[in-house]
file work_22.cif (mmCIF, C-alpha atoms)
data_upload
#
loop_
_atom_site.label_atom_id
_atom_site.label_comp_id
_atom_site.auth_asym_id
_atom_site.auth_seq_id
_atom_site.Cartn_x
_atom_site.Cartn_y
_atom_site.Cartn_z
CA MET A 1044 -13.14 -1.90 -12.98
CA SER A 1045 -14.98 1.22 -14.15
CA ILE A 1046 -15.29 2.79 -10.70
CA ILE A 1047 -11.59 2.34 -9.99
CA GLN A 1048 -10.70 3.69 -13.44
CA GLU A 1049 -12.63 6.83 -12.61
CA ILE A 1050 -10.43 7.63 -9.60
CA ILE A 1051 -7.00 6.78 -11.06
CA LYS A 1052 -4.85 9.74 -12.03
CA CYS A 1053 -1.47 10.00 -13.69
CA PRO A 1054 1.24 10.60 -11.03
CA VAL A 1055 3.16 12.82 -13.47
CA CYS A 1056 0.59 15.21 -14.97
CA ASN A 1057 -2.26 14.54 -12.46
CA LYS A 1058 -4.83 14.03 -15.21
CA ILE A 1059 -7.46 11.35 -14.69
CA VAL A 1060 -7.02 8.04 -16.52
CA THR A 1061 -10.27 7.65 -18.41
CA THR A 1062 -10.02 4.34 -20.26
CA GLU A 1063 -9.10 0.76 -19.39
CA SER A 1064 -7.00 0.25 -22.50
CA LYS A 1065 -4.57 3.16 -22.23
CA TYR A 1066 -3.61 6.25 -20.29
CA ASN A 1067 -5.58 9.19 -21.64
CA CYS A 1068 -3.32 11.65 -19.87
CA CYS A 1069 0.40 12.43 -19.85
CA GLU A 1070 2.03 11.59 -23.19
CA GLN A 1071 5.28 10.75 -21.41
CA ILE A 1072 3.74 7.73 -19.71
CA ASN A 1073 3.68 4.44 -21.59
CA GLN A 1074 0.21 3.01 -22.15
CA LYS A 1075 0.40 -0.07 -19.96
CA THR A 1076 -2.82 -1.29 -18.43
CA GLU A 1077 -3.43 -5.02 -18.50
CA LYS A 1078 -6.33 -7.31 -17.73
CA LEU A 1079 -4.73 -10.44 -16.36
CA GLU A 1080 -6.21 -13.91 -15.92
CA ASN A 1081 -9.68 -12.43 -16.43
CA PHE A 1082 -10.04 -11.45 -12.79
CA TYR A 1083 -7.82 -8.53 -11.91
CA THR A 1084 -6.34 -5.47 -13.57
CA TYR A 1085 -2.64 -4.59 -13.39
CA ILE A 1086 -1.56 -0.98 -13.94
CA ASP A 1087 2.11 0.08 -14.04
CA PHE A 1088 2.91 3.64 -12.95
CA HIS A 1089 6.60 2.91 -12.39
CA PRO A 1090 8.66 5.99 -13.39
CA ASN A 1091 10.83 3.92 -15.75
CA VAL A 1092 7.90 3.12 -18.06
CA VAL A 1093 8.11 6.42 -19.87
CA GLU A 1094 8.78 7.32 -23.47
CA ASN A 1095 12.27 8.42 -24.45
CA LYS A 1096 13.55 7.04 -21.11
CA VAL A 1097 12.55 10.20 -19.28
CA GLU A 1098 12.98 9.73 -15.52
CA PHE A 1099 11.03 11.36 -12.72
CA PRO A 1100 13.36 11.18 -9.68
CA GLN A 1101 10.83 12.77 -7.35
CA ASN A 1102 8.58 9.76 -7.87
CA LYS A 1103 11.28 7.10 -7.48
CA PRO A 1104 12.28 5.72 -4.06
CA LYS A 1105 16.03 5.61 -3.56
CA ARG A 1106 16.46 3.89 -0.20
CA PHE A 1107 18.35 0.62 -0.06
CA ILE A 1108 15.46 -1.24 1.56
CA THR A 1109 13.22 -0.36 -1.39
CA GLN A 1110 15.82 -1.76 -3.76
CA LEU A 1111 16.02 -4.91 -1.62
CA PHE A 1112 12.29 -5.47 -2.04
CA ASP A 1113 12.79 -5.60 -5.81
CA ASN A 1114 15.29 -8.44 -5.46
CA SER A 1115 13.85 -11.60 -7.02
CA VAL A 1116 14.55 -13.72 -3.90
CA PHE A 1117 13.10 -11.40 -1.25
CA PRO A 1118 9.40 -11.86 -2.20
CA TRP A 1119 9.70 -15.61 -1.56
CA PHE A 1120 11.25 -14.91 1.84
CA TYR A 1121 8.55 -12.33 2.60
CA GLU A 1122 5.74 -14.67 1.61
CA ASN A 1123 6.98 -17.94 3.12
CA LEU A 1124 9.22 -17.18 6.10
CA LEU A 1125 8.39 -13.75 7.51
CA PRO A 1126 4.81 -14.62 8.61
CA THR A 1127 6.25 -17.13 11.11
CA VAL A 1128 8.60 -14.48 12.52
CA TRP A 1129 5.72 -12.00 12.71
CA LYS A 1130 3.58 -14.49 14.62
CA LEU A 1131 6.31 -14.87 17.25
CA GLY A 1132 5.89 -11.21 18.15
CA LEU A 1133 7.61 -9.02 15.56
CA ARG A 1134 4.25 -7.82 14.24
CA GLY A 1135 2.37 -8.00 17.50
CA PHE A 1136 1.52 -11.29 19.15
CA GLY A 1137 -0.57 -13.32 16.73
CA GLY A 1138 1.09 -11.89 13.65
CA ILE A 1139 -0.63 -11.00 10.41
CA GLU A 1140 -3.71 -13.12 11.15
CA ARG A 1141 -4.54 -11.20 14.28
CA GLU A 1142 -3.76 -7.96 12.46
CA SER A 1143 -6.15 -8.96 9.67
CA GLN A 1144 -8.92 -9.48 12.18
CA GLU A 1145 -8.25 -6.08 13.73
CA VAL A 1146 -8.33 -4.45 10.31
CA LEU A 1147 -11.66 -6.04 9.39
CA GLU A 1148 -13.18 -5.03 12.74
CA PHE A 1149 -11.92 -1.44 12.43
CA PHE A 1150 -12.94 -0.95 8.81
CA GLY A 1151 -16.30 -2.68 9.17
CA LYS A 1152 -18.26 -4.13 6.27
CA ASP A 1153 -19.72 -2.89 3.00
CA LEU A 1154 -17.14 -0.23 2.15
CA GLN A 1155 -16.90 0.76 -1.50
CA ILE A 1156 -13.15 1.14 -2.23
CA ILE A 1157 -10.22 0.28 0.04
CA MET A 1158 -6.46 0.16 -0.55
CA ASP A 1159 -3.63 -2.04 0.69
CA LEU A 1160 -0.79 0.49 0.40
CA SER A 1161 2.76 -0.88 0.08
CA CYS A 1162 1.06 -4.27 -0.11
CA GLY A 1163 4.21 -6.37 -0.62
CA THR A 1164 3.23 -9.85 -1.74
CA GLY A 1165 -0.37 -9.13 -0.84
CA ILE A 1166 -0.85 -11.25 2.26
CA MET A 1167 -3.31 -8.71 3.65
CA THR A 1168 -4.79 -8.06 0.20
CA ARG A 1169 -5.78 -11.71 -0.08
CA ASN A 1170 -7.28 -11.68 3.42
CA LEU A 1171 -9.35 -8.64 2.44
CA ILE A 1172 -10.54 -10.46 -0.69
CA ARG A 1173 -11.49 -13.53 1.35
CA SER A 1174 -13.62 -11.42 3.68
CA GLN A 1175 -15.89 -10.38 0.79
CA PHE A 1176 -16.68 -7.23 2.78
CA TYR A 1177 -15.52 -4.72 0.18
CA LYS A 1178 -16.70 -3.93 -3.32
CA TYR A 1179 -13.32 -2.86 -4.73
CA ILE A 1180 -9.78 -3.40 -3.48
CA ILE A 1181 -6.63 -1.69 -4.73
CA ALA A 1182 -3.21 -3.20 -3.97
CA LEU A 1183 -0.29 -0.83 -4.55
CA ASP A 1184 3.42 -1.42 -4.23
CA TYR A 1185 6.59 -0.06 -5.83
CA SER A 1186 8.27 -3.43 -6.24
CA GLU A 1187 7.57 -5.36 -9.43
CA SER A 1188 8.96 -8.52 -7.78
CA MET A 1189 6.62 -8.26 -4.80
CA LEU A 1190 3.63 -7.67 -7.04
CA GLY A 1191 4.74 -10.62 -9.16
CA MET A 1192 4.47 -12.83 -6.07
CA LEU A 1193 1.01 -11.41 -5.36
CA LYS A 1194 -0.15 -12.30 -8.86
CA LYS A 1195 1.40 -15.76 -8.51
CA GLN A 1196 -0.43 -16.39 -5.24
CA LEU A 1197 -3.71 -15.20 -6.72
CA ASP A 1198 -3.23 -17.68 -9.55
CA ILE A 1199 -2.51 -20.49 -7.09
CA GLU A 1200 -5.47 -19.67 -4.87
CA LYS A 1201 -7.68 -19.06 -7.93
CA LYS A 1202 -9.81 -16.44 -6.26
CA SER A 1203 -13.05 -16.32 -8.23
CA ASN A 1204 -14.14 -13.16 -6.40
CA SER A 1205 -10.96 -11.18 -7.09
CA ASP A 1206 -12.40 -9.49 -10.18
CA ASN A 1207 -12.87 -6.54 -7.82
CA LEU A 1208 -9.09 -6.16 -7.47
CA ALA A 1209 -6.79 -3.65 -9.14
CA ILE A 1210 -3.02 -4.08 -8.72
CA ILE A 1211 -1.01 -0.90 -9.21
CA ARG A 1212 2.73 -0.51 -9.38
CA GLY A 1213 3.33 2.93 -7.96
CA ASN A 1214 4.84 5.04 -5.20
CA ALA A 1215 3.21 5.47 -1.79
CA GLU A 1216 4.49 9.05 -1.74
CA SER A 1217 2.67 9.85 -4.99
CA ILE A 1218 -0.49 7.75 -4.89
CA PRO A 1219 -2.04 7.74 -8.40
CA LEU A 1220 -5.59 8.42 -7.19
CA ILE A 1221 -7.74 11.53 -7.09
CA ASP A 1222 -8.49 13.33 -3.82
CA ASN A 1223 -11.15 11.94 -1.45
CA SER A 1224 -11.53 8.67 -3.35
CA LEU A 1225 -11.04 5.89 -0.77
CA ASP A 1226 -13.13 4.63 2.13
CA ALA A 1227 -10.18 3.03 3.91
CA VAL A 1228 -6.44 2.45 3.64
CA TYR A 1229 -4.35 -0.29 5.21
CA SER A 1230 -0.58 0.18 5.30
CA GLY A 1231 1.09 -2.60 7.26
CA ALA A 1232 4.75 -2.44 8.36
CA ALA A 1233 5.47 0.02 5.56
CA ILE A 1234 5.85 3.60 6.75
CA HIS A 1235 9.40 3.01 8.00
CA CYS A 1236 10.43 1.92 4.48
CA TRP A 1237 9.33 5.08 2.70
CA GLU A 1238 11.78 7.73 1.55
CA ASN A 1239 9.69 10.44 3.23
CA PRO A 1240 7.19 8.97 5.74
CA GLN A 1241 5.39 12.26 6.34
CA LYS A 1242 4.85 12.73 2.62
CA GLY A 1243 3.38 9.24 2.36
CA VAL A 1244 1.01 9.83 5.28
CA LYS A 1245 -0.01 13.15 3.75
CA GLU A 1246 -0.86 11.29 0.52
CA ILE A 1247 -3.04 8.87 2.49
CA TYR A 1248 -4.87 11.80 4.06
CA ARG A 1249 -5.40 13.31 0.60
CA VAL A 1250 -6.97 10.21 -0.95
CA LEU A 1251 -9.20 9.32 2.01
CA ARG A 1252 -12.76 10.55 1.97
CA LYS A 1253 -14.14 12.47 4.94
CA GLY A 1254 -14.76 9.81 7.56
CA GLY A 1255 -12.36 7.43 5.80
CA LYS A 1256 -10.28 5.13 7.97
CA LEU A 1257 -6.57 4.34 8.11
CA PHE A 1258 -5.02 1.31 9.80
CA ALA A 1259 -1.22 1.45 9.74
CA THR A 1260 1.64 -0.24 11.56
CA THR A 1261 5.33 0.48 11.99
CA PHE A 1262 8.22 -0.17 14.39
CA THR A 1263 9.46 1.64 17.48
CA ASN A 1264 12.79 3.43 17.57
CA LEU A 1265 14.93 0.69 19.09
CA PHE A 1266 17.69 1.36 16.58
CA PRO A 1267 17.61 5.12 15.92
CA ASN A 1268 20.76 5.09 13.79
CA ALA A 1269 19.58 2.33 11.45
CA LYS A 1270 20.09 3.15 7.76
CA MET A 1271 17.64 0.66 6.26
CA PHE A 1272 14.52 1.75 8.15
CA TYR A 1273 13.10 4.71 9.98
CA PHE A 1274 12.15 3.94 13.57
CA PHE A 1275 9.63 6.03 15.48
CA SER A 1276 8.60 6.86 19.00
CA VAL A 1277 4.88 7.12 19.73
CA GLU A 1278 5.36 10.89 20.00
CA GLU A 1279 6.98 11.04 16.55
CA VAL A 1280 4.15 9.02 15.02
CA GLU A 1281 1.57 11.35 16.58
CA LYS A 1282 3.44 14.38 15.26
CA ILE A 1283 3.58 13.01 11.70
CA PHE A 1284 -0.10 12.14 11.60
CA THR A 1285 -1.42 15.32 13.19
CA GLU A 1286 0.78 17.57 11.07
CA VAL A 1287 -0.71 16.19 7.83
CA GLY A 1288 -4.26 16.80 9.06
CA PHE A 1289 -5.49 13.87 11.17
CA LYS A 1290 -7.17 15.14 14.35
CA ARG A 1291 -5.75 13.94 17.67
CA GLU A 1292 -9.22 13.00 18.96
CA TYR A 1293 -9.64 10.57 16.02
CA LEU A 1294 -6.14 9.11 16.31
CA GLU A 1295 -5.33 5.98 18.32
CA ILE A 1296 -1.70 4.89 18.68
CA LYS A 1297 -0.78 1.70 20.50
CA SER A 1298 2.74 0.45 21.22
CA GLU A 1299 3.21 -3.28 21.79
CA GLY A 1300 6.77 -4.50 22.09
CA VAL A 1301 8.62 -3.27 18.98
CA TYR A 1302 5.39 -2.69 17.09
CA ILE A 1303 3.21 0.40 16.77
CA THR A 1304 -0.40 0.25 15.57
CA ILE A 1305 -2.11 3.40 14.30
CA LYS A 1306 -5.84 3.72 13.77
CA CYS A 1307 -7.33 7.01 12.64
CA VAL A 1308 -10.35 8.54 10.96
CA LYS A 1309 -10.19 11.55 8.62
#
call {"tool": "encode", "arguments": {"input": "work_22.cif", "output": "structure tokens"}}
result
Amino acid sequence: MSIIQEIIKCPVCNKIVTTESKYNCCEQINQKTEKLENFYTYIDFHPNVVENKVEFPQNKPKRFITQLFDNSVFPWFYENLLPTVWKLGLRGFGGIERESQEVLEFFGKDLQIIMDLSCGTGIMTRNLIRSQFYKYIIALDYSESMLGMLKKQLDIEKKSNSDNLAIIRGNAESIPLIDNSLDAVYSGAAIHCWENPQKGVKEIYRVLRKGGKLFATTFTNLFPNAKMFYFFSVEEVEKIFTEVGFKREYLEIKSEGVYITIKCVK
């Protein structure tokens, strides 16, 4: 994991993490980096893992939907039941499998480092591993419960080639990576869950290298007064992405039913 270790930074003090055994950075962050099952690394940047119980509210999502994801029951529902609903049209016709194929085609092969941002239980992460197209994969989510399901599924599937995987518990609005460090980012059905969607997209732009690719999906604004999610029009999506730096000529937005697909290049 040496290459990934070189690009990880502390989300509090912004210093680079330089060892695999501990955080050589902010003294307020607990030293919690684990090598699990001999094939992937788990790093916890949750704001509660700090000495003296110091909190960092600016790095902690507060929305109800984020709290729901940390419920111990929801990851099972997400992993076992939602894919069927997605396939019926909620996530575009064909569901996550068709989306996976689109992602692989858009990203191409032989990229160095890619990220599944707000990865949930890692359904896409595991598809990316199976492709064997990418040298290193980072899966990041805020929910410990969702990441627990990802680790459980990796154990069940016993992926021998997942030693190129780093699992990070962190915030999409404060990605713990240095600037210009990723070749591609996938963020599926996630933007509408973030506390500040524009801030999260700006973080993606920051960590992508020049020419790096982003494949993201979200939902249209059918329920504009909803409190659990943000819902967007195509125009609102375009505004968010162009305001953080993505050029309109390298931005493709497609609306299909209730689903919006965004493909862009930095």
call {"tool": "resolve_selection", "arguments": {"input": "work_22.cif", "expression": "the PyMOL selection byres ((chain A and resi 1140) around 12)", "output": "ChimeraX atom specification"}}
result
/A:1126-1127,1129-1131,1134-1139,1141-1147,1166-1167,1169-1171
call {"tool": "resolve_selection", "arguments": {"input": "work_22.cif", "expression": "the PyMOL selection byres ((chain A and resi 1178) around 12)", "output": "short mmCIF file (atom, residue, chain, number, x, y, z; two decimals) with C-alpha atoms, in the frame of the given file"}}
result
data_model
loop_
_atom_site.label_atom_id
_atom_site.label_comp_id
_atom_site.auth_asym_id
_atom_site.auth_seq_id
_atom_site.Cartn_x
_atom_site.Cartn_y
_atom_site.Cartn_z
CA MET A 1044 -13.14 -1.90 -12.98
CA ILE A 1046 -15.29 2.79 -10.70
CA ILE A 1047 -11.59 2.34 -9.99
CA LYS A 1152 -18.26 -4.13 6.27
CA ASP A 1153 -19.72 -2.89 3.00
CA LEU A 1154 -17.14 -0.23 2.15
CA GLN A 1155 -16.90 0.76 -1.50
CA ILE A 1156 -13.15 1.14 -2.23
CA ILE A 1157 -10.22 0.28 0.04
CA MET A 1158 -6.46 0.16 -0.55
CA LEU A 1171 -9.35 -8.64 2.44
CA ILE A 1172 -10.54 -10.46 -0.69
CA ARG A 1173 -11.49 -13.53 1.35
CA SER A 1174 -13.62 -11.42 3.68
CA GLN A 1175 -15.89 -10.38 0.79
CA PHE A 1176 -16.68 -7.23 2.78
CA TYR A 1177 -15.52 -4.72 0.18
CA TYR A 1179 -13.32 -2.86 -4.73
CA ILE A 1180 -9.78 -3.40 -3.48
CA ILE A 1181 -6.63 -1.69 -4.73
CA ASN A 1204 -14.14 -13.16 -6.40
CA SER A 1205 -10.96 -11.18 -7.09
CA ASP A 1206 -12.40 -9.49 -10.18
CA ASN A 1207 -12.87 -6.54 -7.82
CA LEU A 1208 -9.09 -6.16 -7.47
CA ALA A 1209 -6.79 -3.65 -9.14
CA LEU A 1225 -11.04 5.89 -0.77
CA ASP A 1226 -13.13 4.63 2.13
CA ALA A 1227 -10.18 3.03 3.91
#
call {"tool": "residues_around", "arguments": {"input": "work_22.cif", "residues": "A:Ile1059", "least_positions_apart": "5", "cutoff": "7 Å", "atoms": "only C-alpha atoms", "output": "list in words"}}
result
Ile1050, Ile1051, Lys1052, Cys1053 and Cys1068 of chain A
call {"tool": "resolve_selection", "arguments": {"input": "work_22.cif", "expression": "the PyMOL selection byres ((chain A and resi 1249) around 12)", "output": "number ranges by chain"}}
result
A: 1215-1228, 1242-1248, 1250-1253, 1255, 1257, 1287-1289, 1309
call {"tool": "atom_distance", "arguments": {"input": "work_22.cif", "atom1": "atom CA of A:Leu1294", "atom2": "atom CA of A:Phe1262"}}
result
17.2 Å
call {"tool": "residues_around", "arguments": {"input": "work_22.cif", "residues": "stretch 1270-1282 of chain A", "least_positions_apart": "4", "cutoff": "10 Å", "atoms": "all atoms listed in the file", "output": "ChimeraX atom specification"}}
result
/A:1106-1109,1111,1233-1241,1261-1266,1286-1287,1289-1291,1294-1298,1301-1305
call {"tool": "atom_distance", "arguments": {"input": "work_22.cif", "atom1": "atom CA of A:Met1189", "atom2": "atom CA of A:Ile1086"}}
result
14.3 Å
call {"tool": "closest_residue", "arguments": {"input": "work_22.cif", "among": "A:Thr1164, A:Gln1196, A:Asn1214, A:Ser1188", "to": "A:Gly1231", "atoms": "all atoms listed in the file"}}
result
A:Thr1164
call {"tool": "closest_residue", "arguments": {"input": "work_22.cif", "among": "A:Ile1210, A:Glu1187, A:Glu1200, A:Phe1150", "to": "A:Val1308", "atoms": "only C-alpha atoms"}}
result
A:Phe1150
call {"tool": "atom_distance", "arguments": {"input": "work_22.cif", "atom1": "atom CA of A:Gln1048", "atom2": "atom CA of A:Gly1163"}}
result
22.1 Å
call {"tool": "closest_residue", "arguments": {"input": "work_22.cif", "among": "A:Ala1182, A:Ile1199, A:Leu1160, A:Ile1283", "to": "A:Tyr1085", "atoms": "all atoms listed in the file"}}
result
A:Ala1182
call {"tool": "decode", "arguments": {"input": "work_22.cif", "residues": "stretch 1175-1187 of chain A", "atoms": "all heavy atoms", "output": "PDB file, in the first residue's frame"}}
result
ATOM      1  N   GLN A1175      -9.998  -6.148 -12.530  1.00  0.00           N
ATOM      2  CA  GLN A1175      -8.533  -6.218 -12.549  1.00  0.00           C
ATOM      3  C   GLN A1175      -7.915  -5.195 -13.509  1.00  0.00           C
ATOM      4  O   GLN A1175      -6.828  -5.391 -14.030  1.00  0.00           O
ATOM      5  CB  GLN A1175      -8.061  -7.635 -12.914  1.00  0.00           C
ATOM      6  CG  GLN A1175      -8.546  -8.699 -11.943  1.00  0.00           C
ATOM      7  CD  GLN A1175      -7.979 -10.078 -12.231  1.00  0.00           C
ATOM      8  OE1 GLN A1175      -6.788 -10.218 -12.530  1.00  0.00           O
ATOM      9  NE2 GLN A1175      -8.816 -11.089 -12.159  1.00  0.00           N
ATOM     10  N   PHE A1176      -8.638  -4.083 -13.724  1.00  0.00           N
ATOM     11  CA  PHE A1176      -8.153  -3.040 -14.618  1.00  0.00           C
ATOM     12  C   PHE A1176      -7.243  -2.037 -13.908  1.00  0.00           C
ATOM     13  O   PHE A1176      -6.489  -1.321 -14.567  1.00  0.00           O
ATOM     14  CB  PHE A1176      -9.334  -2.256 -15.210  1.00  0.00           C
ATOM     15  CG  PHE A1176     -10.133  -3.004 -16.252  1.00  0.00           C
ATOM     16  CD1 PHE A1176     -11.318  -2.470 -16.729  1.00  0.00           C
ATOM     17  CD2 PHE A1176      -9.693  -4.209 -16.762  1.00  0.00           C
ATOM     18  CE1 PHE A1176     -12.060  -3.132 -17.689  1.00  0.00           C
ATOM     19  CE2 PHE A1176     -10.422  -4.895 -17.721  1.00  0.00           C
ATOM     20  CZ  PHE A1176     -11.619  -4.353 -18.192  1.00  0.00           C
ATOM     21  N   TYR A1177      -7.334  -1.973 -12.569  1.00  0.00           N
ATOM     22  CA  TYR A1177      -6.745  -0.843 -11.857  1.00  0.00           C
ATOM     23  C   TYR A1177      -5.742  -1.317 -10.810  1.00  0.00           C
ATOM     24  O   TYR A1177      -5.984  -2.286 -10.095  1.00  0.00           O
ATOM     25  CB  TYR A1177      -7.853  -0.019 -11.215  1.00  0.00           C
ATOM     26  CG  TYR A1177      -8.961   0.264 -12.204  1.00  0.00           C
ATOM     27  CD1 TYR A1177     -10.223  -0.299 -12.053  1.00  0.00           C
ATOM     28  CD2 TYR A1177      -8.724   1.047 -13.336  1.00  0.00           C
ATOM     29  CE1 TYR A1177     -11.227  -0.074 -12.985  1.00  0.00           C
ATOM     30  CE2 TYR A1177      -9.711   1.274 -14.273  1.00  0.00           C
ATOM     31  CZ  TYR A1177     -10.968   0.709 -14.102  1.00  0.00           C
ATOM     32  OH  TYR A1177     -11.950   0.922 -15.031  1.00  0.00           O
ATOM     33  N   LYS A1178      -4.636  -0.599 -10.707  1.00  0.00           N
ATOM     34  CA  LYS A1178      -3.566  -1.023  -9.813  1.00  0.00           C
ATOM     35  C   LYS A1178      -3.948  -0.847  -8.351  1.00  0.00           C
ATOM     36  O   LYS A1178      -3.707  -1.726  -7.527  1.00  0.00           O
ATOM     37  CB  LYS A1178      -2.287  -0.244 -10.119  1.00  0.00           C
ATOM     38  CG  LYS A1178      -1.068  -0.786  -9.388  1.00  0.00           C
ATOM     39  CD  LYS A1178       0.219  -0.211  -9.943  1.00  0.00           C
ATOM     40  CE  LYS A1178       1.426  -0.850  -9.250  1.00  0.00           C
ATOM     41  NZ  LYS A1178       2.706  -0.325  -9.796  1.00  0.00           N
ATOM     42  N   TYR A1179      -4.556   0.305  -8.014  1.00  0.00           N
ATOM     43  CA  TYR A1179      -4.966   0.556  -6.633  1.00  0.00           C
ATOM     44  C   TYR A1179      -6.383   1.120  -6.608  1.00  0.00           C
ATOM     45  O   TYR A1179      -6.740   1.950  -7.454  1.00  0.00           O
ATOM     46  CB  TYR A1179      -4.016   1.544  -5.940  1.00  0.00           C
ATOM     47  CG  TYR A1179      -2.616   1.026  -5.779  1.00  0.00           C
ATOM     48  CD1 TYR A1179      -1.612   1.409  -6.657  1.00  0.00           C
ATOM     49  CD2 TYR A1179      -2.301   0.127  -4.749  1.00  0.00           C
ATOM     50  CE1 TYR A1179      -0.317   0.922  -6.522  1.00  0.00           C
ATOM     51  CE2 TYR A1179      -1.010  -0.358  -4.609  1.00  0.00           C
ATOM     52  CZ  TYR A1179      -0.030   0.035  -5.496  1.00  0.00           C
ATOM     53  OH  TYR A1179       1.244  -0.452  -5.362  1.00  0.00           O
ATOM     54  N   ILE A1180      -7.152   0.673  -5.622  1.00  0.00           N
ATOM     55  CA  ILE A1180      -8.531   1.126  -5.449  1.00  0.00           C
ATOM     56  C   ILE A1180      -8.705   1.604  -4.011  1.00  0.00           C
ATOM     57  O   ILE A1180      -8.279   0.935  -3.075  1.00  0.00           O
ATOM     58  CB  ILE A1180      -9.532  -0.007  -5.749  1.00  0.00           C
ATOM     59  CG1 ILE A1180      -9.391  -0.463  -7.208  1.00  0.00           C
ATOM     60  CG2 ILE A1180     -10.970   0.437  -5.465  1.00  0.00           C
ATOM     61  CD1 ILE A1180     -10.172  -1.741  -7.525  1.00  0.00           C
ATOM     62  N   ILE A1181      -9.330   2.761  -3.859  1.00  0.00           N
ATOM     63  CA  ILE A1181      -9.656   3.286  -2.541  1.00  0.00           C
ATOM     64  C   ILE A1181     -11.170   3.337  -2.408  1.00  0.00           C
ATOM     65  O   ILE A1181     -11.856   3.887  -3.274  1.00  0.00           O
ATOM     66  CB  ILE A1181      -9.076   4.704  -2.333  1.00  0.00           C
ATOM     67  CG1 ILE A1181      -7.551   4.683  -2.474  1.00  0.00           C
ATOM     68  CG2 ILE A1181      -9.471   5.249  -0.967  1.00  0.00           C
ATOM     69  CD1 ILE A1181      -6.928   6.072  -2.468  1.00  0.00           C
ATOM     70  N   ALA A1182     -11.704   2.752  -1.341  1.00  0.00           N
ATOM     71  CA  ALA A1182     -13.135   2.808  -1.048  1.00  0.00           C
ATOM     72  C   ALA A1182     -13.327   3.663   0.196  1.00  0.00           C
ATOM     73  O   ALA A1182     -12.787   3.341   1.256  1.00  0.00           O
ATOM     74  CB  ALA A1182     -13.690   1.401  -0.825  1.00  0.00           C
ATOM     75  N   LEU A1183     -14.083   4.756   0.066  1.00  0.00           N
ATOM     76  CA  LEU A1183     -14.273   5.673   1.191  1.00  0.00           C
ATOM     77  C   LEU A1183     -15.756   5.846   1.492  1.00  0.00           C
ATOM     78  O   LEU A1183     -16.571   6.033   0.597  1.00  0.00           O
ATOM     79  CB  LEU A1183     -13.638   7.033   0.887  1.00  0.00           C
ATOM     80  CG  LEU A1183     -13.675   8.078   2.019  1.00  0.00           C
ATOM     81  CD1 LEU A1183     -12.431   8.967   1.952  1.00  0.00           C
ATOM     82  CD2 LEU A1183     -14.931   8.940   1.970  1.00  0.00           C
ATOM     83  N   ASP A1184     -16.077   5.776   2.772  1.00  0.00           N
ATOM     84  CA  ASP A1184     -17.439   6.060   3.211  1.00  0.00           C
ATOM     85  C   ASP A1184     -17.387   6.566   4.649  1.00  0.00           C
ATOM     86  O   ASP A1184     -16.434   6.273   5.383  1.00  0.00           O
ATOM     87  CB  ASP A1184     -18.316   4.808   3.131  1.00  0.00           C
ATOM     88  CG  ASP A1184     -19.805   5.143   3.084  1.00  0.00           C
ATOM     89  OD1 ASP A1184     -20.407   5.349   4.155  1.00  0.00           O
ATOM     90  OD2 ASP A1184     -20.359   5.208   1.971  1.00  0.00           O
ATOM     91  N   TYR A1185     -18.413   7.309   5.048  1.00  0.00           N
ATOM     92  CA  TYR A1185     -18.468   7.830   6.412  1.00  0.00           C
ATOM     93  C   TYR A1185     -19.002   6.796   7.398  1.00  0.00           C
ATOM     94  O   TYR A1185     -18.676   6.822   8.578  1.00  0.00           O
ATOM     95  CB  TYR A1185     -19.339   9.087   6.449  1.00  0.00           C
ATOM     96  CG  TYR A1185     -19.332   9.786   7.783  1.00  0.00           C
ATOM     97  CD1 TYR A1185     -18.294  10.660   8.112  1.00  0.00           C
ATOM     98  CD2 TYR A1185     -20.324   9.568   8.722  1.00  0.00           C
ATOM     99  CE1 TYR A1185     -18.259  11.299   9.331  1.00  0.00           C
ATOM    100  CE2 TYR A1185     -20.303  10.208   9.950  1.00  0.00           C
ATOM    101  CZ  TYR A1185     -19.275  11.073  10.254  1.00  0.00           C
ATOM    102  OH  TYR A1185     -19.239  11.694  11.468  1.00  0.00           O
ATOM    103  N   SER A1186     -19.822   5.871   6.901  1.00  0.00           N
ATOM    104  CA  SER A1186     -20.524   4.948   7.777  1.00  0.00           C
ATOM    105  C   SER A1186     -19.682   3.723   8.133  1.00  0.00           C
ATOM    106  O   SER A1186     -19.275   2.956   7.255  1.00  0.00           O
ATOM    107  CB  SER A1186     -21.826   4.481   7.106  1.00  0.00           C
ATOM    108  OG  SER A1186     -22.380   3.379   7.787  1.00  0.00           O
ATOM    109  N   GLU A1187     -19.455   3.532   9.406  1.00  0.00           N
ATOM    110  CA  GLU A1187     -18.721   2.353   9.871  1.00  0.00           C
ATOM    111  C   GLU A1187     -19.500   1.084   9.584  1.00  0.00           C
ATOM    112  O   GLU A1187     -18.933   0.041   9.253  1.00  0.00           O
ATOM    113  CB  GLU A1187     -18.432   2.486  11.367  1.00  0.00           C
ATOM    114  CG  GLU A1187     -17.521   1.404  11.920  1.00  0.00           C
ATOM    115  CD  GLU A1187     -17.130   1.653  13.355  1.00  0.00           C
ATOM    116  OE1 GLU A1187     -17.898   2.331  14.078  1.00  0.00           O
ATOM    117  OE2 GLU A1187     -16.059   1.168  13.768  1.00  0.00           O
TER     118      GLU A1187
END
